[in-house]
Amino acid sequence: TLTAAAQARSKSRNRSKSQNRSANSRLSAADFAFGETLGEGSYSTVMRATYLRTGQEYAIKILDKNHLMRKEKMHVALAEKNALVKLGAGHPGIVHLHWTFQDDWSLFFVLDLATNGEMQTRISRLGSLSLTCSRYYAAQIVDAVDYIHTKDVIHRDLKPENLLLDNAYRIKITDFGTAKIIEPSERANTFVGTAQYVSPELLEKNETSKSSDLWAIGCIIYQMIAGRFAFQGLSEYLTWQKIKSLDYSFPDGFDPDAKDLVERLFARDPLQRLGAGLPGGPNGPEALRSHPFFASISWSTLWTDPVPPLE
Ligand SMILES: NC(=O)c1nn(CC2CCNCC2)c2c1CCc1cnc(N=C3C=CCC=C3)nc1-2
């Protein structure tokens, strides 16, 4: 039998060999065939790509390291990665991060590909969505955002442009570049978000919390049904004025249940918003799911039910 020393030597040789193997088989851009550009950000480009080994298609977010360093935004890229890792593959309504790798110039995030583009494009093309469609997508957004919040992540820039549609036309929430991992009771305080979806507390106290995402959901439900923004001024400043003064109204014929739901999400006090309370409490996420607008939704089969025709 081998002496202890010889056993140790052979074990270390095997370990280094396996490390070499993992080093050799570590992912690189050469493992992918890159296709069309899907989106451009200030520090990133998102491209369609095929993993050559399996033929599987992904969306790869490529972040420019020099640019991130120069603009001191490397922490933003790492925060996005940490949020994506924390969310894992735990929910069908979130774009999942499969792998990351880097080279001298870029960071690469290999993400799910949502082949049917943005919800925004659908709303623009159709003008607005039918009540059935709006209800279905509102339920998927509520379900996915509730999952994000259970992981103590807040998205902070929910809007139809960041609601993608996968090959089955189900929702995939994306772009966690503005997301924040918070302590359960903590509030975040850096300014982010898109004018029409920003909450009053962010404008008035530079604070965001999970409840800021609920406000944005109210804006999105309003927009899907009405085919226009709930808060829209002739300038960003005037839009913000309307938000701070809760200056909005519903078009004639707006579904009464949807109207009641949107009004409860547009509560000025973040804690009063429907679903903003602690899970299991009187105003927890359950209170939002059980709103009459969602009466016909089967939450347990929401992600396997057939998708209503997009109209
Ligand atoms: N910023 C991102 O993380 C990101 N950006 N995009 C494309 C953007 C285009 C503008 N609106 C926001 C999304 C993506 C991702 C994640 C991962 C991701 C996965 N699939 C797609 N798919 C698209 C298909 C057609 C048109 C646009 C996007 N896009 C992305």
# chains A, B, ... in the order shown; residues from 1 in each chain; ligands from 1

$ residues_near_ligand --ligand "ligand 1" --cutoff "6 Å" --atoms "only C-alpha atoms and all ligand atoms" --output "MDAnalysis selection string"
chainID A and resid 38:39 46 59 111:118 161:162 174:175

$ write_last_selection --atoms "all heavy atoms" --output "mmCIF file, in the first residue's frame"
data_model
loop_
_atom_site.group_PDB
_atom_site.id
_atom_site.type_symbol
_atom_site.label_atom_id
_atom_site.label_comp_id
_atom_site.auth_asym_id
_atom_site.auth_seq_id
_atom_site.Cartn_x
_atom_site.Cartn_y
_atom_site.Cartn_z
ATOM 1 N N LEU A 38 -29.218 43.142 -28.291
ATOM 2 C CA LEU A 38 -30.607 43.231 -27.798
ATOM 3 C C LEU A 38 -30.852 44.549 -27.055
ATOM 4 O O LEU A 38 -31.968 45.036 -26.958
ATOM 5 C CB LEU A 38 -30.888 42.054 -26.849
ATOM 6 C CG LEU A 38 -30.798 40.664 -27.499
ATOM 7 C CD1 LEU A 38 -30.854 39.573 -26.437
ATOM 8 C CD2 LEU A 38 -31.923 40.471 -28.519
ATOM 9 N N GLY A 39 -29.773 45.092 -26.504
ATOM 10 C CA GLY A 39 -29.939 46.342 -25.758
ATOM 11 C C GLY A 39 -28.582 46.915 -25.401
ATOM 12 O O GLY A 39 -27.573 46.194 -25.368
ATOM 13 N N VAL A 46 -26.086 44.110 -24.313
ATOM 14 C CA VAL A 46 -26.674 42.783 -24.173
ATOM 15 C C VAL A 46 -26.813 42.187 -25.566
ATOM 16 O O VAL A 46 -27.381 42.824 -26.454
ATOM 17 C CB VAL A 46 -28.051 42.838 -23.477
ATOM 18 C CG1 VAL A 46 -28.626 41.443 -23.327
ATOM 19 C CG2 VAL A 46 -27.923 43.509 -22.115
ATOM 20 N N ALA A 59 -28.917 35.256 -23.465
ATOM 21 C CA ALA A 59 -28.635 36.683 -23.607
ATOM 22 C C ALA A 59 -27.397 36.937 -22.756
ATOM 23 O O ALA A 59 -27.385 36.575 -21.577
ATOM 24 C CB ALA A 59 -29.812 37.509 -23.105
ATOM 25 N N LEU A 111 -27.266 35.096 -19.295
ATOM 26 C CA LEU A 111 -28.631 35.160 -18.743
ATOM 27 C C LEU A 111 -29.619 34.433 -19.651
ATOM 28 O O LEU A 111 -29.337 34.216 -20.838
ATOM 29 C CB LEU A 111 -29.043 36.632 -18.637
ATOM 30 C CG LEU A 111 -28.213 37.495 -17.686
ATOM 31 C CD1 LEU A 111 -28.169 38.930 -18.166
ATOM 32 C CD2 LEU A 111 -28.761 37.436 -16.276
ATOM 33 N N ASP A 112 -30.796 34.103 -19.069
ATOM 34 C CA ASP A 112 -31.875 33.551 -19.903
ATOM 35 C C ASP A 112 -32.137 34.498 -21.068
ATOM 36 O O ASP A 112 -32.099 35.728 -20.894
ATOM 37 C CB ASP A 112 -33.191 33.504 -19.098
ATOM 38 C CG ASP A 112 -33.265 32.328 -18.147
ATOM 39 O OD1 ASP A 112 -32.595 31.300 -18.388
ATOM 40 O OD2 ASP A 112 -33.972 32.445 -17.146
ATOM 41 N N LEU A 113 -32.464 33.934 -22.214
ATOM 42 C CA LEU A 113 -32.910 34.757 -23.348
ATOM 43 C C LEU A 113 -34.436 34.785 -23.347
ATOM 44 O O LEU A 113 -35.073 33.734 -23.261
ATOM 45 C CB LEU A 113 -32.412 34.151 -24.669
ATOM 46 C CG LEU A 113 -32.954 34.811 -25.940
ATOM 47 C CD1 LEU A 113 -32.408 36.232 -26.085
ATOM 48 C CD2 LEU A 113 -32.608 33.973 -27.164
ATOM 49 N N ALA A 114 -34.993 35.995 -23.408
ATOM 50 C CA ALA A 114 -36.459 36.124 -23.557
ATOM 51 C C ALA A 114 -36.690 36.457 -25.025
ATOM 52 O O ALA A 114 -36.391 37.571 -25.481
ATOM 53 C CB ALA A 114 -36.984 37.241 -22.663
ATOM 54 N N THR A 115 -37.182 35.498 -25.773
ATOM 55 C CA THR A 115 -37.190 35.641 -27.237
ATOM 56 C C THR A 115 -38.252 36.610 -27.753
ATOM 57 O O THR A 115 -38.136 37.138 -28.844
ATOM 58 C CB THR A 115 -37.464 34.267 -27.901
ATOM 59 O OG1 THR A 115 -38.632 33.713 -27.283
ATOM 60 C CG2 THR A 115 -36.285 33.323 -27.710
ATOM 61 N N ASN A 116 -39.300 36.877 -26.955
ATOM 62 C CA ASN A 116 -40.388 37.712 -27.499
ATOM 63 C C ASN A 116 -40.361 39.158 -27.017
ATOM 64 O O ASN A 116 -41.385 39.838 -26.992
ATOM 65 C CB ASN A 116 -41.748 37.052 -27.197
ATOM 66 C CG ASN A 116 -41.990 35.884 -28.141
ATOM 67 O OD1 ASN A 116 -41.887 36.038 -29.350
ATOM 68 N ND2 ASN A 116 -42.241 34.708 -27.584
ATOM 69 N N GLY A 117 -39.183 39.606 -26.618
ATOM 70 C CA GLY A 117 -38.957 41.039 -26.396
ATOM 71 C C GLY A 117 -39.709 41.642 -25.232
ATOM 72 O O GLY A 117 -40.051 40.963 -24.282
ATOM 73 N N GLU A 118 -39.958 42.932 -25.352
ATOM 74 C CA GLU A 118 -40.461 43.716 -24.211
ATOM 75 C C GLU A 118 -41.978 43.823 -24.198
ATOM 76 O O GLU A 118 -42.609 43.965 -25.251
ATOM 77 C CB GLU A 118 -39.924 45.153 -24.323
ATOM 78 C CG GLU A 118 -38.447 45.298 -24.349
ATOM 79 C CD GLU A 118 -38.072 46.733 -24.722
ATOM 80 O OE1 GLU A 118 -38.959 47.608 -24.755
ATOM 81 O OE2 GLU A 118 -36.891 46.961 -24.974
ATOM 82 N N GLU A 161 -40.588 48.257 -20.111
ATOM 83 C CA GLU A 161 -39.359 47.964 -20.887
ATOM 84 C C GLU A 161 -38.548 46.836 -20.227
ATOM 85 O O GLU A 161 -37.790 46.144 -20.882
ATOM 86 C CB GLU A 161 -38.465 49.205 -20.991
ATOM 87 C CG GLU A 161 -39.026 50.318 -21.851
ATOM 88 C CD GLU A 161 -39.915 51.250 -21.039
ATOM 89 O OE1 GLU A 161 -40.385 50.814 -19.951
ATOM 90 O OE2 GLU A 161 -40.193 52.359 -21.496
ATOM 91 N N ASN A 162 -38.712 46.696 -18.911
ATOM 92 C CA ASN A 162 -37.930 45.655 -18.204
ATOM 93 C C ASN A 162 -38.751 44.404 -17.954
ATOM 94 O O ASN A 162 -38.326 43.518 -17.209
ATOM 95 C CB ASN A 162 -37.409 46.213 -16.876
ATOM 96 C CG ASN A 162 -36.259 47.180 -17.100
ATOM 97 O OD1 ASN A 162 -35.598 47.128 -18.144
ATOM 98 N ND2 ASN A 162 -36.045 48.084 -16.167
ATOM 99 N N THR A 174 -36.427 41.702 -15.905
ATOM 100 C CA THR A 174 -35.005 41.789 -16.164
ATOM 101 C C THR A 174 -34.423 43.109 -15.693
ATOM 102 O O THR A 174 -35.123 43.947 -15.134
ATOM 103 C CB THR A 174 -34.732 41.621 -17.673
ATOM 104 O OG1 THR A 174 -33.345 41.409 -17.862
ATOM 105 C CG2 THR A 174 -35.166 42.845 -18.462
ATOM 106 N N ASP A 175 -33.129 43.235 -15.932
ATOM 107 C CA ASP A 175 -32.330 44.413 -15.617
ATOM 108 C C ASP A 175 -32.316 44.744 -14.132
ATOM 109 O O ASP A 175 -32.995 45.655 -13.661
ATOM 110 C CB ASP A 175 -32.775 45.639 -16.409
ATOM 111 C CG ASP A 175 -31.654 46.677 -16.403
ATOM 112 O OD1 ASP A 175 -30.694 46.500 -15.611
ATOM 113 O OD2 ASP A 175 -31.728 47.642 -17.179
#

$ atom_distance --atom1 "CA of Ser212 (chain A)" --atom2 "CA of Leu131 (chain A)"
24.2 Å

$ residues_around --residues "Leu52 (chain A)" --least-positions-apart "3" --cutoff "9 Å" --atoms "only C-alpha atoms" --output "PyMOL selection string"
chain A and resi 30-33+55-56

$ write_last_selection --atoms "N, CA and C atoms" --output "PDB file, in the first residue's frame"
ATOM      1  N   ALA A  30     -15.097  32.603 -26.258  1.00  0.00           N
ATOM      2  CA  ALA A  30     -14.884  31.703 -27.410  1.00  0.00           C
ATOM      3  C   ALA A  30     -15.867  30.534 -27.391  1.00  0.00           C
ATOM      4  N   ASP A  31     -16.516  30.314 -26.257  1.00  0.00           N
ATOM      5  CA  ASP A  31     -17.491  29.213 -26.163  1.00  0.00           C
ATOM      6  C   ASP A  31     -18.844  29.592 -26.749  1.00  0.00           C
ATOM      7  N   PHE A  32     -18.961  30.848 -27.206  1.00  0.00           N
ATOM      8  CA  PHE A  32     -20.262  31.336 -27.688  1.00  0.00           C
ATOM      9  C   PHE A  32     -20.144  31.927 -29.086  1.00  0.00           C
ATOM     10  N   ALA A  33     -21.264  31.817 -29.837  1.00  0.00           N
ATOM     11  CA  ALA A  33     -21.366  32.545 -31.109  1.00  0.00           C
ATOM     12  C   ALA A  33     -22.313  33.714 -30.834  1.00  0.00           C
ATOM     13  N   GLY A  55     -25.687  24.413 -28.263  1.00  0.00           N
ATOM     14  CA  GLY A  55     -26.634  25.048 -29.191  1.00  0.00           C
ATOM     15  C   GLY A  55     -27.683  25.884 -28.471  1.00  0.00           C
ATOM     16  N   GLN A  56     -27.644  25.895 -27.129  1.00  0.00           N
ATOM     17  CA  GLN A  56     -28.626  26.649 -26.333  1.00  0.00           C
ATOM     18  C   GLN A  56     -28.383  28.147 -26.525  1.00  0.00           C
TER      19      GLN A  56
END

$ closest_residue --among "A:Thr121, A:Ser130, A:Asn206, A:Ser211" --to "Val145 (chain A)" --atoms "only C-alpha atoms"
A:Ser211

$ closest_residue --among "A:Ser44, A:Asn283, A:Gln241, A:Asn82" --to "Leu265 (chain A)" --atoms "only C-alpha atoms"
A:Asn283

$ atom_distance --atom1 "CA of Phe293 (chain A)" --atom2 "CA of Asp257 (chain A)"
4.9 Å

$ residues_around --residues "region 217-228 of chain A" --least-positions-apart "4" --cutoff "7 Å" --atoms "only C-alpha atoms" --output "number ranges by chain"
A: 123, 127-131, 134, 138, 159-160, 197, 213, 251, 262, 265-266

$ select_by_dssp --residues "region 61-160 of chain A" --states "helix (DSSP H, G or I)" --output "number ranges by chain"
A: 65-70, 74-87, 119-126, 131-150, 160

$ closest_residue --among "A:Ser106, A:Thr45, A:Thr37, A:Thr50" --to "Leu68 (chain A)" --atoms "only C-alpha atoms"
A:Ser106

$ atom_distance --atom1 "CA of Lys73 (chain A)" --atom2 "CA of Glu207 (chain A)"
20.5 Å

$ residues_around --residues "Gly277 (chain A)" --least-positions-apart "4" --cutoff "12 Å" --atoms "only C-alpha atoms" --output "ChimeraX atom specification"
/A:146,149,184-185,209-211,214,269-273,281-288

$ write_last_selection --atoms "all heavy atoms" --output "compact mmCIF listing (two decimals), in the first residue's frame"
# COMPACT_ATOMS: atom_id res chain seq x y z
N ASP A 146 -43.12 39.57 -5.72
CA ASP A 146 -43.22 39.05 -4.33
C ASP A 146 -42.03 38.12 -4.06
O ASP A 146 -41.40 38.19 -3.01
CB ASP A 146 -44.55 38.30 -4.17
CG ASP A 146 -44.73 37.81 -2.74
OD1 ASP A 146 -44.15 38.44 -1.82
OD2 ASP A 146 -45.42 36.79 -2.53
N HIS A 149 -38.95 40.16 -3.48
CA HIS A 149 -38.97 40.76 -2.14
C HIS A 149 -38.70 39.73 -1.06
O HIS A 149 -38.04 40.04 -0.05
CB HIS A 149 -40.31 41.46 -1.90
CG HIS A 149 -40.48 42.70 -2.72
ND1 HIS A 149 -41.66 43.42 -2.80
CD2 HIS A 149 -39.61 43.36 -3.53
CE1 HIS A 149 -41.50 44.46 -3.60
NE2 HIS A 149 -40.27 44.46 -4.06
N PRO A 184 -34.09 43.26 5.80
CA PRO A 184 -35.57 43.20 5.77
C PRO A 184 -36.26 44.52 6.06
O PRO A 184 -37.15 44.93 5.35
CB PRO A 184 -35.88 42.13 6.83
CG PRO A 184 -34.69 41.21 6.76
CD PRO A 184 -33.50 42.07 6.45
N SER A 185 -35.83 45.26 7.08
CA SER A 185 -36.61 46.49 7.39
C SER A 185 -35.94 47.73 6.80
O SER A 185 -36.41 48.83 6.90
CB SER A 185 -36.65 46.66 8.91
OG SER A 185 -35.29 46.72 9.34
N SER A 209 -38.10 51.52 -1.06
CA SER A 209 -38.26 50.30 -0.27
C SER A 209 -39.00 49.31 -1.16
O SER A 209 -39.29 49.62 -2.32
CB SER A 209 -39.10 50.60 0.97
OG SER A 209 -40.42 50.95 0.54
N LYS A 210 -39.29 48.15 -0.62
CA LYS A 210 -40.06 47.17 -1.40
C LYS A 210 -41.34 47.83 -1.89
O LYS A 210 -41.82 47.57 -2.99
CB LYS A 210 -40.40 45.96 -0.52
CG LYS A 210 -39.19 45.12 -0.13
CD LYS A 210 -39.59 43.98 0.80
CE LYS A 210 -38.37 43.15 1.20
NZ LYS A 210 -38.71 42.06 2.14
N SER A 211 -41.89 48.74 -1.10
CA SER A 211 -43.17 49.37 -1.45
C SER A 211 -43.04 50.27 -2.68
O SER A 211 -44.03 50.52 -3.38
CB SER A 211 -43.67 50.19 -0.26
OG SER A 211 -45.02 50.54 -0.49
N LEU A 214 -44.10 48.30 -5.45
CA LEU A 214 -45.58 48.15 -5.51
C LEU A 214 -46.18 49.36 -6.22
O LEU A 214 -47.12 49.23 -7.02
CB LEU A 214 -46.16 48.01 -4.10
CG LEU A 214 -45.74 46.76 -3.32
CD1 LEU A 214 -46.33 46.78 -1.91
CD2 LEU A 214 -46.18 45.49 -4.05
N ASP A 269 -48.55 56.92 1.46
CA ASP A 269 -47.76 56.30 2.53
C ASP A 269 -47.35 54.90 2.08
O ASP A 269 -48.22 54.03 1.90
CB ASP A 269 -48.60 56.21 3.82
CG ASP A 269 -47.83 55.48 4.94
OD1 ASP A 269 -46.70 55.01 4.67
OD2 ASP A 269 -48.38 55.38 6.05
N PRO A 270 -46.05 54.66 1.90
CA PRO A 270 -45.59 53.36 1.40
C PRO A 270 -46.13 52.18 2.23
O PRO A 270 -46.38 51.12 1.68
CB PRO A 270 -44.06 53.45 1.52
CG PRO A 270 -43.76 54.91 1.54
CD PRO A 270 -44.94 55.58 2.17
N LEU A 271 -46.30 52.39 3.51
CA LEU A 271 -46.76 51.27 4.36
C LEU A 271 -48.24 50.98 4.16
O LEU A 271 -48.72 49.90 4.49
CB LEU A 271 -46.47 51.59 5.84
CG LEU A 271 -44.98 51.71 6.18
CD1 LEU A 271 -44.80 52.12 7.64
CD2 LEU A 271 -44.26 50.40 5.86
N GLN A 272 -48.96 51.95 3.59
CA GLN A 272 -50.41 51.75 3.39
C GLN A 272 -50.70 51.05 2.06
O GLN A 272 -51.81 50.61 1.81
CB GLN A 272 -51.14 53.11 3.40
CG GLN A 272 -51.10 53.82 4.76
CD GLN A 272 -51.59 52.90 5.87
OE1 GLN A 272 -52.64 52.26 5.75
NE2 GLN A 272 -50.83 52.81 6.95
N ARG A 273 -49.70 50.96 1.20
CA ARG A 273 -49.93 50.36 -0.13
C ARG A 273 -50.32 48.89 0.05
O ARG A 273 -49.74 48.19 0.89
CB ARG A 273 -48.67 50.46 -1.00
CG ARG A 273 -48.57 51.82 -1.64
CD ARG A 273 -47.31 52.11 -2.39
NE ARG A 273 -47.06 53.54 -2.28
CZ ARG A 273 -45.85 54.08 -2.26
NH1 ARG A 273 -44.78 53.32 -2.40
NH2 ARG A 273 -45.71 55.38 -2.10
N GLY A 281 -49.09 39.17 7.59
CA GLY A 281 -49.79 40.20 8.35
C GLY A 281 -51.03 40.66 7.59
O GLY A 281 -51.29 40.21 6.48
N PRO A 282 -51.82 41.59 8.19
CA PRO A 282 -53.10 42.03 7.59
C PRO A 282 -52.90 42.69 6.22
O PRO A 282 -53.77 42.63 5.36
CB PRO A 282 -53.64 43.03 8.62
CG PRO A 282 -52.47 43.44 9.46
CD PRO A 282 -51.51 42.30 9.44
N ASN A 283 -51.75 43.32 5.98
CA ASN A 283 -51.56 43.97 4.68
C ASN A 283 -50.32 43.40 3.98
O ASN A 283 -49.56 44.09 3.32
CB ASN A 283 -51.40 45.50 4.86
CG ASN A 283 -51.29 46.21 3.51
OD1 ASN A 283 -51.92 45.78 2.54
ND2 ASN A 283 -50.46 47.24 3.43
N GLY A 284 -50.14 42.09 4.14
CA GLY A 284 -48.97 41.46 3.52
C GLY A 284 -49.23 41.14 2.06
O GLY A 284 -50.27 41.51 1.51
N PRO A 285 -48.26 40.48 1.40
CA PRO A 285 -48.39 40.13 -0.02
C PRO A 285 -49.70 39.38 -0.31
O PRO A 285 -50.30 39.54 -1.37
CB PRO A 285 -47.17 39.24 -0.26
CG PRO A 285 -46.17 39.65 0.77
CD PRO A 285 -46.97 40.06 1.98
N GLU A 286 -50.18 38.59 0.66
CA GLU A 286 -51.43 37.84 0.46
C GLU A 286 -52.59 38.79 0.19
O GLU A 286 -53.49 38.52 -0.61
CB GLU A 286 -51.73 36.99 1.71
CG GLU A 286 -51.25 35.57 1.61
CD GLU A 286 -51.54 34.97 0.23
OE1 GLU A 286 -52.73 34.88 -0.15
OE2 GLU A 286 -50.56 34.63 -0.48
N ALA A 287 -52.55 39.96 0.89
CA ALA A 287 -53.67 40.91 0.74
C ALA A 287 -53.73 41.41 -0.71
O ALA A 287 -54.81 41.66 -1.25
CB ALA A 287 -53.44 42.09 1.69
N LEU A 288 -52.55 41.49 -1.34
CA LEU A 288 -52.52 41.94 -2.74
C LEU A 288 -53.04 40.84 -3.66
O LEU A 288 -53.89 41.07 -4.52
CB LEU A 288 -51.08 42.33 -3.11
CG LEU A 288 -50.77 42.78 -4.53
CD1 LEU A 288 -51.75 43.82 -5.03
CD2 LEU A 288 -49.32 43.30 -4.60
